[in-house]
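Heads up, coords-v3.cif below (mmCIF, C-alpha atoms):
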```
data_structure
#
loop_
_atom_site.label_atom_id
_atom_site.label_comp_id
_atom_site.auth_asym_id
_atom_site.auth_seq_id
_atom_site.Cartn_x
_atom_site.Cartn_y
_atom_site.Cartn_z
CA MET E 765 0.00 0.00 0.00
CA GLY E 766 2.86 2.27 0.93
CA LEU E 767 4.52 1.56 -2.41
CA PHE E 768 2.03 3.57 -4.45
CA SER E 769 0.97 6.13 -1.84
CA ARG E 770 1.81 9.64 -3.07
CA ALA E 771 2.92 12.59 -1.06
CA GLY E 772 0.00 14.84 -0.24
CA GLY E 773 -0.28 18.16 -2.05
CA VAL E 774 1.33 20.97 -0.08
CA ALA E 775 0.42 24.62 -0.66
CA VAL E 776 1.87 27.83 0.81
CA THR E 777 -0.27 30.95 1.24
CA MET E 778 1.32 34.30 2.08
CA THR E 779 -0.41 37.05 4.05
CA PRO E 780 -0.05 39.86 3.17
CA ASP E 781 1.44 39.33 -0.27
CA VAL E 782 2.95 42.84 -0.41
CA VAL E 783 5.18 43.92 2.48
CA ARG E 784 7.74 46.53 3.45
CA PRO E 785 11.00 46.05 5.40
CA ARG E 786 10.43 45.60 9.15
CA GLN E 787 6.87 44.40 8.50
CA THR E 788 5.78 40.85 9.24
CA VAL E 789 4.64 38.32 6.66
CA THR E 790 2.93 35.05 7.52
CA ALA E 791 3.25 31.79 5.60
CA THR E 792 0.47 29.25 6.05
CA VAL E 793 1.28 25.76 4.83
CA THR E 794 -1.70 23.54 4.15
CA THR E 795 -2.04 20.01 2.83
CA ASP E 796 -5.01 18.47 1.00
CA ARG E 797 -4.41 15.33 3.12
CA PRO E 798 -1.79 14.44 5.75
CA VAL E 799 1.67 13.80 4.33
CA THR E 800 2.88 10.48 5.75
CA LYS E 801 6.27 8.88 6.38
CA VAL E 802 7.80 12.28 7.01
CA ARG E 803 11.37 12.42 8.31
CA SER E 804 11.63 16.20 8.63
CA ALA E 805 10.09 19.39 7.30
CA ARG E 806 11.49 22.86 7.02
CA LEU E 807 10.59 26.34 5.85
CA ASP E 808 13.17 28.32 3.90
CA TRP E 809 12.63 32.08 3.69
CA GLY E 810 14.70 33.95 1.15
CA TYR E 811 14.87 35.33 -2.35
CA VAL E 812 15.74 34.22 -5.86
CA ASN E 813 18.54 36.52 -6.94
CA PHE E 814 18.83 37.31 -10.66
CA TYR E 815 22.27 38.10 -12.09
CA GLN E 816 24.56 37.67 -15.06
CA TYR E 817 27.64 35.45 -15.18
CA HIS E 818 30.34 34.51 -17.62
CA TRP E 819 29.52 30.90 -18.39
CA ALA E 820 32.94 29.59 -19.44
CA GLY E 821 36.43 30.56 -20.46
CA ARG E 822 38.66 33.31 -19.11
CA VAL E 823 37.17 36.79 -19.41
CA ASP E 824 40.45 38.47 -20.42
CA SER E 825 42.07 35.66 -22.41
CA VAL E 826 43.86 36.34 -25.70
CA ALA E 827 41.05 34.48 -27.46
CA ALA E 828 38.47 36.81 -25.89
CA GLN E 829 40.38 39.86 -27.09
CA ALA E 830 40.66 38.37 -30.59
CA ASN E 831 36.96 37.55 -30.54
CA ASP E 832 36.08 41.11 -29.53
CA THR E 833 38.08 42.38 -32.49
CA VAL E 834 36.27 40.03 -34.87
CA TRP E 835 32.92 40.86 -33.30
CA THR E 836 33.41 44.59 -33.72
CA ALA E 837 34.32 43.90 -37.35
CA GLY E 838 30.75 42.75 -37.86
CA GLN E 839 31.02 38.98 -37.55
CA VAL E 840 27.87 38.60 -35.51
CA GLY E 841 27.46 35.15 -34.06
CA THR E 842 31.03 34.51 -32.98
CA ASN E 843 30.00 34.44 -29.35
CA TYR E 844 32.85 32.30 -28.06
CA GLY E 845 31.68 32.21 -24.48
CA GLY E 846 29.36 34.91 -23.52
CA ASP E 847 27.52 36.11 -20.51
CA ARG E 848 24.31 34.50 -19.42
CA ASP E 849 21.40 35.42 -17.20
CA THR E 850 20.78 33.13 -14.31
CA ASP E 851 19.44 33.06 -10.76
CA ASP E 852 20.38 31.56 -7.41
CA TRP E 853 18.52 31.00 -4.19
CA VAL E 854 19.62 33.12 -1.23
CA SER E 855 18.44 31.66 2.02
CA VAL E 856 17.69 34.19 4.76
CA VAL E 857 16.01 32.18 7.52
CA VAL E 858 15.55 28.39 7.74
CA GLU E 859 13.04 27.07 10.23
CA ASP E 860 12.54 23.40 11.17
CA LEU E 861 8.89 22.44 11.52
CA PRO E 862 7.86 20.06 14.29
CA ILE E 863 6.73 16.64 13.05
CA ALA E 864 4.63 14.36 15.24
CA THR E 865 4.35 10.63 14.48
CA GLY E 866 5.79 11.00 10.99
CA GLU E 867 2.83 12.99 9.67
CA PHE E 868 2.76 16.52 8.35
CA THR E 869 -0.56 18.29 8.29
CA GLY E 870 0.42 21.92 7.93
CA ALA E 871 2.18 24.78 9.70
CA THR E 872 2.29 28.53 10.15
CA SER E 873 5.35 30.74 10.38
CA THR E 874 6.12 34.44 10.33
CA LEU E 875 9.09 36.47 9.14
CA ARG E 876 9.94 40.04 9.97
CA ILE E 877 11.34 41.36 6.69
CA PRO E 878 14.96 42.46 7.35
CA SER E 879 15.76 46.14 7.05
CA TRP E 880 18.37 45.31 4.39
CA ALA E 881 15.95 43.31 2.20
CA PRO E 882 16.39 43.98 -1.53
CA ALA E 883 13.15 44.98 -3.24
CA SER E 884 11.27 42.56 -5.46
CA ALA E 885 11.90 43.30 -9.14
CA PRO E 886 12.54 41.12 -12.20
CA GLU E 887 16.02 42.65 -12.45
CA ILE E 888 17.13 41.65 -8.97
CA ALA E 889 15.03 39.50 -6.64
CA ARG E 890 11.86 37.50 -6.08
CA TRP E 891 11.00 36.80 -2.44
CA GLU E 892 9.63 33.38 -1.54
CA CYS E 893 8.88 31.07 1.33
CA ARG E 894 9.67 27.47 0.41
CA VAL E 895 8.48 24.41 2.27
CA ILE E 896 10.41 21.15 1.90
CA VAL E 897 8.96 17.99 3.41
CA ASP E 898 11.57 15.23 3.51
CA ARG E 899 9.91 11.83 3.54
CA GLU E 900 10.46 8.19 2.70
CA GLY E 901 9.50 8.38 -0.95
CA PRO E 902 9.07 11.51 -3.07
CA ASP E 903 9.57 14.72 -1.09
CA ALA E 904 6.78 17.25 -1.01
CA GLU E 905 7.79 20.79 -1.93
CA SER E 906 5.97 24.03 -2.52
CA ARG E 907 6.53 27.75 -2.40
CA GLY E 908 4.66 30.96 -1.84
CA GLU E 909 5.70 34.30 -3.30
CA PHE E 910 5.42 37.74 -1.79
CA VAL E 911 6.49 41.19 -2.92
CA VAL E 912 8.85 43.43 -0.94
CA ARG E 913 8.41 47.12 -1.66
CA ILE E 914 10.86 49.75 -0.48
CA GLY E 915 9.47 53.10 0.61
CA THR E 916 11.11 56.45 1.26
CA GLY E 917 11.12 55.77 5.01
CA ASP E 918 13.03 52.50 4.54
CA VAL E 919 16.24 54.07 3.29
CA ASP E 920 18.64 56.69 4.59
CA SER E 921 18.18 60.05 2.99
CA TYR E 922 21.44 61.86 2.29
CA LEU E 923 23.12 63.28 -0.78
CA GLU E 924 25.95 61.06 -2.00
CA PRO E 925 29.17 62.55 -3.42
CA LEU E 926 29.48 63.48 -7.08
CA GLU E 927 31.48 61.10 -9.31
CA ARG E 928 33.50 62.45 -12.21
CA VAL E 929 33.23 59.94 -15.07
CA SER E 930 35.36 61.71 -17.68
CA GLY E 931 36.88 65.05 -18.58
CA ASP E 932 39.78 67.26 -17.58
CA GLY E 933 37.86 69.38 -15.11
CA GLU E 934 38.30 72.55 -17.19
CA THR E 935 34.72 73.28 -16.22
CA VAL E 936 33.60 72.25 -12.75
CA VAL E 937 30.24 70.55 -13.36
CA ASP E 938 28.06 70.20 -10.29
CA LEU E 939 24.81 68.27 -10.39
CA VAL E 940 22.49 68.55 -7.41
CA PRO E 941 19.10 66.81 -7.26
CA SER E 942 16.60 68.57 -4.99
CA LYS E 943 16.40 65.45 -2.76
CA PRO E 944 18.31 62.17 -2.60
CA VAL E 945 15.38 59.69 -2.62
CA TRP E 946 12.88 59.41 -5.48
CA GLN E 947 9.93 57.17 -6.20
CA ALA E 948 9.52 55.24 -9.47
CA GLY E 949 7.51 57.33 -11.95
CA GLU E 950 8.39 60.56 -10.14
CA THR E 951 10.00 63.55 -11.86
CA VAL E 952 13.55 64.10 -10.61
CA THR E 953 14.27 67.80 -10.27
CA GLY E 954 17.49 69.63 -9.49
CA HIS E 955 20.04 71.94 -11.01
CA VAL E 956 23.34 71.82 -12.86
CA THR E 957 26.03 74.42 -12.24
CA LEU E 958 28.87 74.95 -14.72
CA THR E 959 31.89 76.87 -13.44
CA PRO E 960 34.63 77.24 -16.10
CA THR E 961 38.15 77.51 -14.67
CA VAL E 962 39.52 79.06 -17.88
CA ASP E 963 37.95 80.76 -20.90
CA LEU E 964 36.54 77.97 -23.04
CA PRO E 965 34.66 77.54 -26.31
CA ASP E 966 30.85 77.58 -26.10
CA GLY E 967 29.32 74.37 -24.87
CA ASP E 968 26.09 72.46 -24.63
CA VAL E 969 24.88 70.60 -21.57
CA ALA E 970 22.52 67.64 -21.25
CA VAL E 971 21.27 65.46 -18.40
CA SER E 972 19.71 62.00 -18.08
CA TRP E 973 19.12 59.30 -15.51
CA GLN E 974 21.22 56.16 -15.50
CA ARG E 975 20.46 52.72 -14.15
CA GLU E 976 23.39 50.43 -13.43
CA ARG E 977 23.03 46.73 -12.82
CA GLU E 978 26.08 45.05 -11.34
CA SER E 979 26.62 41.32 -11.06
CA HIS E 980 28.85 40.05 -8.24
CA PRO E 981 28.20 36.32 -7.79
CA LEU E 982 29.81 34.57 -4.85
CA THR E 983 31.39 31.73 -6.84
CA ARG E 984 30.75 32.13 -10.56
CA THR E 985 32.69 34.51 -12.82
CA PRO E 986 30.70 37.77 -12.86
CA GLY E 987 29.10 39.21 -15.97
CA PRO E 988 30.18 42.66 -17.12
CA GLY E 989 27.19 44.51 -15.66
CA SER E 990 25.01 46.82 -17.68
CA GLN E 991 24.09 50.48 -17.84
CA LEU E 992 20.86 51.90 -19.14
CA ASP E 993 20.63 55.61 -19.88
CA GLY E 994 17.30 57.43 -19.84
CA ARG E 995 16.17 59.95 -22.43
CA ILE E 996 18.81 62.66 -22.82
CA MET E 997 17.44 66.12 -21.96
CA GLN E 998 19.32 68.94 -23.65
CA LEU E 999 19.35 71.87 -21.21
CA ASP E 1000 20.96 74.47 -23.47
CA LYS E 1001 23.23 74.98 -26.48
CA HIS E 1002 25.92 77.57 -27.24
CA ILE E 1003 26.52 78.35 -23.57
CA ARG E 1004 29.19 81.01 -23.07
CA LEU E 1005 31.84 79.61 -20.78
CA GLN E 1006 33.93 82.37 -19.24
CA ALA E 1007 36.48 81.75 -16.52
CA GLY E 1008 34.99 82.05 -13.04
CA THR E 1009 31.45 82.83 -14.23
CA PRO E 1010 29.06 80.11 -13.06
CA VAL E 1011 26.01 79.19 -15.13
CA HIS E 1012 22.97 77.49 -13.54
CA TYR E 1013 20.35 75.31 -15.21
CA PRO E 1014 17.37 73.61 -13.56
CA PHE E 1015 16.46 70.15 -14.87
CA GLU E 1016 13.58 67.68 -14.77
CA LEU E 1017 13.85 63.97 -15.54
CA VAL E 1018 10.98 61.49 -15.44
CA LEU E 1019 11.79 58.09 -13.93
CA PRO E 1020 10.06 55.05 -15.46
CA ASP E 1021 6.91 53.88 -13.65
CA ASP E 1022 8.31 50.36 -13.40
CA ALA E 1023 11.80 51.42 -12.29
CA PRO E 1024 13.36 48.67 -10.16
CA PRO E 1025 14.37 50.19 -6.80
CA THR E 1026 17.95 50.73 -5.70
CA ALA E 1027 18.95 47.42 -4.15
CA ALA E 1028 21.93 45.43 -2.97
CA ALA E 1029 21.61 41.64 -3.00
CA VAL E 1030 24.19 38.86 -2.68
CA HIS E 1031 24.80 38.26 -6.38
CA SER E 1032 23.70 41.56 -7.95
CA SER E 1033 22.91 45.21 -7.26
CA ILE E 1034 20.88 48.00 -8.84
CA ASN E 1035 22.19 51.55 -8.61
CA TRP E 1036 20.63 54.75 -9.94
CA PHE E 1037 22.31 58.00 -10.95
CA VAL E 1038 21.54 61.35 -12.48
CA GLN E 1039 24.25 62.36 -14.92
CA ALA E 1040 25.28 65.47 -16.82
CA ARG E 1041 27.59 65.90 -19.78
CA LEU E 1042 29.12 69.05 -21.17
CA MET E 1043 30.42 69.16 -24.75
CA TYR E 1044 32.53 71.96 -26.15
CA GLU E 1045 32.07 73.31 -29.63
CA GLY E 1046 34.75 73.00 -32.29
CA PHE E 1047 37.87 70.88 -32.39
CA GLY E 1048 39.96 72.64 -29.75
CA GLY E 1049 40.98 69.41 -28.05
CA HIS E 1050 38.78 69.99 -24.99
CA SER E 1051 37.50 66.69 -23.72
CA LEU E 1052 33.90 65.98 -22.85
CA GLU E 1053 33.06 66.49 -19.16
CA ARG E 1054 30.78 63.88 -17.60
CA VAL E 1055 29.68 63.63 -13.99
CA ARG E 1056 27.06 61.59 -12.16
CA ARG E 1057 25.56 61.54 -8.71
CA PRO E 1058 23.94 58.48 -7.10
CA ILE E 1059 20.28 58.77 -6.17
CA THR E 1060 18.09 56.25 -4.38
CA VAL E 1061 14.99 54.99 -6.19
CA VAL E 1062 12.16 53.39 -4.22
CA ASN E 1063 8.85 51.92 -5.35
CA ALA E 1064 6.54 52.82 -2.45
CA PRO E 1065 5.59 56.16 -0.88
CA MET N 420 22.46 53.14 -0.78
CA SER N 421 22.17 52.46 2.92
CA TYR N 422 19.15 51.29 4.76
CA ALA N 423 17.49 53.44 7.39
CA GLU N 424 17.79 52.68 11.12
CA HIS N 425 19.99 50.04 12.65
CA PRO N 426 18.86 46.45 12.20
CA ALA N 427 16.83 44.91 15.00
CA PRO N 428 18.83 42.51 17.22
CA SER N 429 16.60 39.61 16.15
CA GLU N 430 17.08 40.40 12.48
CA PRO N 431 18.94 37.79 10.40
CA PRO N 432 22.42 38.98 9.37
CA ARG N 433 22.86 40.32 5.91
CA PRO N 434 24.39 37.62 3.67
CA GLN N 435 27.84 38.37 2.33
CA ARG N 436 27.93 39.65 -1.25
CA GLY N 437 30.35 38.59 -3.99
CA LEU N 438 32.78 40.65 -6.06
CA THR N 439 32.24 42.36 -9.41
CA ARG N 440 34.50 41.79 -12.40
CA GLU N 441 36.44 44.98 -11.64
CA GLU N 442 36.86 44.05 -7.97
CA ARG N 443 38.21 40.60 -8.90
CA GLY N 444 40.84 41.94 -11.30
CA ARG N 445 41.96 40.46 -14.61
CA ASP N 446 40.81 36.92 -15.34
CA VAL N 447 43.62 35.29 -17.32
CA SER N 448 45.36 31.92 -17.35
CA ASP N 449 48.76 31.43 -15.65
CA ALA N 450 50.48 31.22 -19.03
CA GLN N 451 48.96 34.51 -20.17
CA ALA N 452 49.76 36.21 -16.86
CA GLU N 453 53.37 35.08 -17.28
CA ALA N 454 53.47 36.51 -20.81
CA GLU N 455 51.93 39.81 -19.72
CA ALA N 456 54.42 40.13 -16.87
CA GLU N 457 57.30 40.19 -19.35
CA SER N 458 58.77 43.66 -19.64
CA SER N 459 60.69 42.94 -22.83
CA LYS N 460 58.59 43.29 -25.98
CA TRP N 461 60.64 40.67 -27.78
CA ARG N 462 60.09 38.11 -24.99
CA ARG N 463 56.39 38.96 -24.93
CA PHE N 464 56.28 38.36 -28.67
CA LEU N 465 57.95 34.97 -28.21
CA HIS N 466 55.47 34.12 -25.43
CA MET N 467 52.61 34.81 -27.84
CA MET N 468 53.84 31.88 -29.93
CA SER N 469 54.26 29.55 -26.99
CA PRO N 470 52.13 26.40 -27.32
CA ARG N 471 51.36 26.66 -23.60
CA LEU N 472 49.69 30.06 -24.05
CA VAL N 473 47.68 28.87 -27.04
CA TRP N 474 46.69 25.70 -25.13
CA SER N 475 45.62 27.79 -22.12
CA MET N 476 42.95 29.56 -24.17
CA ALA N 477 40.71 26.57 -23.44
CA ASP N 478 41.02 27.18 -19.68
CA GLY N 479 37.80 27.75 -17.81
CA TYR N 480 35.59 25.76 -20.19
CA PRO N 481 33.65 22.73 -18.95
CA VAL N 482 35.09 19.26 -19.36
CA VAL N 483 34.64 17.80 -22.88
CA VAL N 484 34.25 21.32 -24.34
CA LYS N 485 37.70 22.11 -22.98
CA GLN N 486 39.27 18.98 -24.49
CA PHE N 487 37.56 19.68 -27.82
CA LEU N 488 38.86 23.25 -27.80
CA GLN N 489 42.37 22.04 -26.95
CA PHE N 490 42.17 19.63 -29.90
CA CYS N 491 41.11 22.52 -32.17
CA LEU N 492 43.87 24.71 -30.78
CA ILE N 493 46.45 22.03 -31.63
CA LEU N 494 45.08 21.92 -35.18
CA ILE N 495 45.26 25.68 -35.65
CA TYR N 496 48.63 26.08 -33.88
CA PRO N 497 50.70 26.36 -37.11
CA GLY N 498 48.19 28.97 -38.34
CA TRP N 499 48.44 30.82 -35.03
CA VAL N 500 52.26 30.97 -35.26
CA PHE N 501 52.00 32.16 -38.86
CA ALA N 502 49.47 34.87 -37.87
CA VAL N 503 51.66 36.09 -35.00
CA LEU N 504 54.74 36.19 -37.27
CA VAL N 505 52.85 38.08 -40.00
CA GLY N 506 51.43 40.46 -37.38
CA GLY N 507 54.92 41.05 -36.00
CA LEU N 508 56.24 41.66 -39.51
CA PHE N 509 53.52 44.23 -40.22
CA GLN N 510 54.27 45.94 -36.91
CA LEU N 511 57.94 46.06 -37.82
CA LEU N 512 57.12 47.48 -41.24
CA PHE N 513 54.92 50.13 -39.61
CA TYR N 514 57.70 51.22 -37.26
CA VAL N 515 60.19 51.37 -40.12
CA THR N 516 58.04 53.17 -42.68
CA VAL N 517 54.93 54.99 -41.35
CA TYR N 518 56.01 55.73 -37.78
CA PRO N 519 59.01 57.98 -38.67
CA VAL N 520 56.77 59.99 -41.02
CA LEU N 521 54.16 60.48 -38.28
CA TRP N 522 56.91 61.31 -35.79
CA VAL N 523 58.18 64.12 -38.03
CA LEU N 524 54.64 65.25 -38.97
CA PHE N 525 53.51 65.61 -35.35
CA TRP N 526 56.75 67.07 -34.06
CA PRO N 527 55.35 70.69 -33.94
CA MET N 528 52.36 69.52 -31.90
CA ARG N 529 54.57 67.60 -29.46
CA ASN N 530 56.84 70.57 -29.11
CA HIS N 531 53.86 72.84 -28.43
CA GLN N 532 52.57 70.48 -25.75
CA LYS N 533 56.02 70.19 -24.19
CA LYS N 534 56.34 73.98 -23.98
CA HIS N 535 52.80 74.92 -22.90
CA HIS N 536 51.59 71.84 -20.99
CA PRO N 537 54.77 70.33 -19.53
CA GLU N 538 52.92 68.37 -16.82
CA GLU N 539 50.51 66.76 -19.28
CA TYR N 540 53.39 66.04 -21.63
CA ALA N 541 55.40 64.36 -18.88
CA ALA N 542 52.33 62.34 -17.79
CA SER N 543 51.75 61.22 -21.38
CA GLN N 544 55.38 60.25 -21.83
CA ALA N 545 55.33 58.29 -18.56
CA LYS N 546 52.12 56.53 -19.60
CA PHE N 547 53.53 55.31 -22.93
CA ALA N 548 56.94 54.51 -21.49
CA LYS N 549 55.27 51.75 -19.45
CA LYS N 550 53.75 50.08 -22.52
#
```

Translate this structure into structure tokens?
Amino acid sequence: MGLFSRAGGVAVTMTPDVVRPRQTVTATVTTDRPVTKVRSARLDWGYVNFYQYHWAGRVDSVAAQANDTVWTAGQVGTNYGGDRDTDDWVSVVVEDLPIATGEFTGATSTLRIPSWAPASAPEIARWECRVIVDREGPDAESRGEFVVRIGTGDVDSYLEPLERVSGDGETVVDLVPSKPVWQAGETVTGHVTLTPTVDLPDGDVAVSWQRERESHPLTRTPGPGSQLDGRIMQLDKHIRLQAGTPVHYPFELVLPDDAPPTAAAVHSSINWFVQARLMYEGFGGHSLERVRRPITVVNAP
Amino acid sequence: MSYAEHPAPSEPPRPQRGLTREERGRDVSDAQAEAEAESSKWRRFLHMMSPRLVWSMADGYPVVVKQFLQFCLILIYPGWVFAVLVGGLFQLLFYVTVYPVLWVLFWPMRNHQKKHHPEEYAASQAKFAKK
């Protein structure tokens, strides 16, 4: 009789299914009939972390350099190794469930979402509670999903330092958003100040948002990461750049409604920036100035 | 980004994160690292033809794929040596024919930089002296 008996169906229900850090979520495990011959059962709270990795070969090998040369020459399809998207489970809390007389009939557990929890987004993480019932015969497994949203009150609010990406600093470009934390879909406002240190040719200045996704797997070779620039907003053209005379420009940038929040997980991170670039007219040998300042993006009020 | 407030004492610790490509540094085989460490251009050129370096290009691939690649690398080895020799010859030709012309042609610009931007000139010279 025991030979053909199947493990009972196990289901996990999450309440509520949308939570914020430091809030409590409850997992209710139910079975359509008692699961028998159970050795142990456990609940695993955590998240599926999405990231990119280099699947094989050395990233900086001679072959890779040669391949890059061929690839840039237009030989599409010579992907000798390549970077792939993948995901890994990150366990946050594991809880053993009590089993009486080898039968599992259900359980309830709660988790207080950690303050450092990365937000749920297809680019970074999917939070789950998994139940694994280890038994003589096929194990019973199930999972319940819930969404972690990050609000403005869940992150520290301070202006991070400006990063100079390129340029000689002939013009000091300062980029100041009016606040450090922004919600997805919101319009980022602020101002750009250009202070030339010497008399320079006229220039034009533009701003945009930038989303950076970094992969930093624990064991695998990391992927190169990716940057996505928002629509470039030209603030002005033919700006007169005279030594010591600052020029100010206000700016407005609309963040996407579905912007994944700033997050730091085990294998990947999402960072947001506002960036400005200043180009000089003519061919005077003045290099393009580019600066960016990190901002924090959240997806709840 | 940092998270607001200090974590509650009962809160699970934050799992350790990994390293990005930049944080890990260059990912090359031992043979390639050895070749790149050579300061002499001639010795580096010789290293480029070393069968060990060519063989090491299959490093990091899964088993079976790696052996197949090594087999292919053995097959193309004569072609690889030929390509490196031809490349070296072209480089030599460039330094004998085109480079002196460019050197003379850009002399006024170099001289201008040396006179008006001595720090930048010195930095540029130092940068290319290392290569």

Name the residues that the PyMOL selection byres ((chain E) within 9 of (chain N)) pulls out of this structure, and write them as a PDB file with C-alpha atoms, in the frame of the given file.
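Contents of result_24.pdb, as written:
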```pdb
ATOM      1  CA  ARG E 786      10.430  45.600   9.150  1.00  0.00           C
ATOM      2  CA  TRP E 819      29.520  30.900 -18.390  1.00  0.00           C
ATOM      3  CA  ALA E 820      32.940  29.590 -19.440  1.00  0.00           C
ATOM      4  CA  GLY E 821      36.430  30.560 -20.460  1.00  0.00           C
ATOM      5  CA  ARG E 822      38.660  33.310 -19.110  1.00  0.00           C
ATOM      6  CA  VAL E 823      37.170  36.790 -19.410  1.00  0.00           C
ATOM      7  CA  ASP E 824      40.450  38.470 -20.420  1.00  0.00           C
ATOM      8  CA  SER E 825      42.070  35.660 -22.410  1.00  0.00           C
ATOM      9  CA  VAL E 826      43.860  36.340 -25.700  1.00  0.00           C
ATOM     10  CA  ALA E 827      41.050  34.480 -27.460  1.00  0.00           C
ATOM     11  CA  ALA E 828      38.470  36.810 -25.890  1.00  0.00           C
ATOM     12  CA  GLY E 845      31.680  32.210 -24.480  1.00  0.00           C
ATOM     13  CA  VAL E 854      19.620  33.120  -1.230  1.00  0.00           C
ATOM     14  CA  SER E 855      18.440  31.660   2.020  1.00  0.00           C
ATOM     15  CA  VAL E 856      17.690  34.190   4.760  1.00  0.00           C
ATOM     16  CA  VAL E 857      16.010  32.180   7.520  1.00  0.00           C
ATOM     17  CA  ARG E 876       9.940  40.040   9.970  1.00  0.00           C
ATOM     18  CA  ILE E 877      11.340  41.360   6.690  1.00  0.00           C
ATOM     19  CA  PRO E 878      14.960  42.460   7.350  1.00  0.00           C
ATOM     20  CA  SER E 879      15.760  46.140   7.050  1.00  0.00           C
ATOM     21  CA  TRP E 880      18.370  45.310   4.390  1.00  0.00           C
ATOM     22  CA  ALA E 881      15.950  43.310   2.200  1.00  0.00           C
ATOM     23  CA  GLY E 917      11.120  55.770   5.010  1.00  0.00           C
ATOM     24  CA  ASP E 918      13.030  52.500   4.540  1.00  0.00           C
ATOM     25  CA  VAL E 919      16.240  54.070   3.290  1.00  0.00           C
ATOM     26  CA  ASP E 920      18.640  56.690   4.590  1.00  0.00           C
ATOM     27  CA  SER E 921      18.180  60.050   2.990  1.00  0.00           C
ATOM     28  CA  GLU E 924      25.950  61.060  -2.000  1.00  0.00           C
ATOM     29  CA  GLU E 978      26.080  45.050 -11.340  1.00  0.00           C
ATOM     30  CA  SER E 979      26.620  41.320 -11.060  1.00  0.00           C
ATOM     31  CA  HIS E 980      28.850  40.050  -8.240  1.00  0.00           C
ATOM     32  CA  PRO E 981      28.200  36.320  -7.790  1.00  0.00           C
ATOM     33  CA  LEU E 982      29.810  34.570  -4.850  1.00  0.00           C
ATOM     34  CA  THR E 983      31.390  31.730  -6.840  1.00  0.00           C
ATOM     35  CA  THR E 985      32.690  34.510 -12.820  1.00  0.00           C
ATOM     36  CA  PRO E 986      30.700  37.770 -12.860  1.00  0.00           C
ATOM     37  CA  GLY E 987      29.100  39.210 -15.970  1.00  0.00           C
ATOM     38  CA  PRO E 988      30.180  42.660 -17.120  1.00  0.00           C
ATOM     39  CA  GLY E 989      27.190  44.510 -15.660  1.00  0.00           C
ATOM     40  CA  THR E1026      17.950  50.730  -5.700  1.00  0.00           C
ATOM     41  CA  ALA E1027      18.950  47.420  -4.150  1.00  0.00           C
ATOM     42  CA  ALA E1028      21.930  45.430  -2.970  1.00  0.00           C
ATOM     43  CA  ALA E1029      21.610  41.640  -3.000  1.00  0.00           C
ATOM     44  CA  VAL E1030      24.190  38.860  -2.680  1.00  0.00           C
ATOM     45  CA  HIS E1031      24.800  38.260  -6.380  1.00  0.00           C
ATOM     46  CA  SER E1032      23.700  41.560  -7.950  1.00  0.00           C
ATOM     47  CA  ASN E1035      22.190  51.550  -8.610  1.00  0.00           C
ATOM     48  CA  PRO E1058      23.940  58.480  -7.100  1.00  0.00           C
ATOM     49  CA  ILE E1059      20.280  58.770  -6.170  1.00  0.00           C
ATOM     50  CA  THR E1060      18.090  56.250  -4.380  1.00  0.00           C
TER      51      THR E1060
END
```

Would you translate the PyMOL selection byres ((chain E and resi 926) around 9) into the concrete set of residues it matches in this file, as a JSON list (two decimals) with C-alpha atoms, keeping the file's coordinate frame?
```json
[["chain", "number", "residue", "atom", "x", "y", "z"],
["E", 923, "LEU", "CA", 23.12, 63.28, -0.78],
["E", 924, "GLU", "CA", 25.95, 61.06, -2.00],
["E", 925, "PRO", "CA", 29.17, 62.55, -3.42],
["E", 927, "GLU", "CA", 31.48, 61.10, -9.31],
["E", 928, "ARG", "CA", 33.50, 62.45, -12.21],
["E", 938, "ASP", "CA", 28.06, 70.20, -10.29],
["E", 939, "LEU", "CA", 24.81, 68.27, -10.39],
["E", 940, "VAL", "CA", 22.49, 68.55, -7.41],
["E", 1055, "VAL", "CA", 29.68, 63.63, -13.99],
["E", 1056, "ARG", "CA", 27.06, 61.59, -12.16],
["E", 1057, "ARG", "CA", 25.56, 61.54, -8.71],
["E", 1058, "PRO", "CA", 23.94, 58.48, -7.10]]
```

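When all atoms listed in the file are used to compute distances to Ala805 of chain E, the closest of the residues E:Arg784, E:His1012, E:Arg894, E:Arg913 turns out to be E:Arg894.
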
Inset, instruction - Taking the file above as input, evaluate the PyMOL selection byres ((chain E and resi 933) around 12) and report the hits as a VMD selection string. - result: chain E and resid 927 to 932 934 to 938 958 to 962 964 1041 to 1042 1050 to 1055

Legend entry - Atom pair atom CA of Leu1019 of chain E / atom CA of Arg848 of chain E: separation (Å):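 Result for atom CA of Leu1019 of chain E versus atom CA of Arg848 of chain E: 27.3 Å, one decimal.
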
Complete segment 1056-1060 of chain E with N, CA and C atoms (output as a PDB file, in the frame of the given file).
```
ATOM      1  N   ARG E1056      28.325  62.220 -12.572  1.00  0.00           N
ATOM      2  CA  ARG E1056      27.060  61.590 -12.160  1.00  0.00           C
ATOM      3  C   ARG E1056      26.985  61.563 -10.654  1.00  0.00           C
ATOM      4  N   ARG E1057      25.756  61.584 -10.157  1.00  0.00           N
ATOM      5  CA  ARG E1057      25.560  61.540  -8.710  1.00  0.00           C
ATOM      6  C   ARG E1057      24.539  60.439  -8.389  1.00  0.00           C
ATOM      7  N   PRO E1058      24.890  59.554  -7.447  1.00  0.00           N
ATOM      8  CA  PRO E1058      23.940  58.480  -7.100  1.00  0.00           C
ATOM      9  C   PRO E1058      22.671  59.050  -6.469  1.00  0.00           C
ATOM     10  N   ILE E1059      21.554  58.466  -6.840  1.00  0.00           N
ATOM     11  CA  ILE E1059      20.280  58.770  -6.170  1.00  0.00           C
ATOM     12  C   ILE E1059      19.699  57.429  -5.713  1.00  0.00           C
ATOM     13  N   THR E1060      18.748  57.475  -4.824  1.00  0.00           N
ATOM     14  CA  THR E1060      18.090  56.250  -4.380  1.00  0.00           C
ATOM     15  C   THR E1060      16.676  56.237  -4.959  1.00  0.00           C
TER      16      THR E1060
END
```
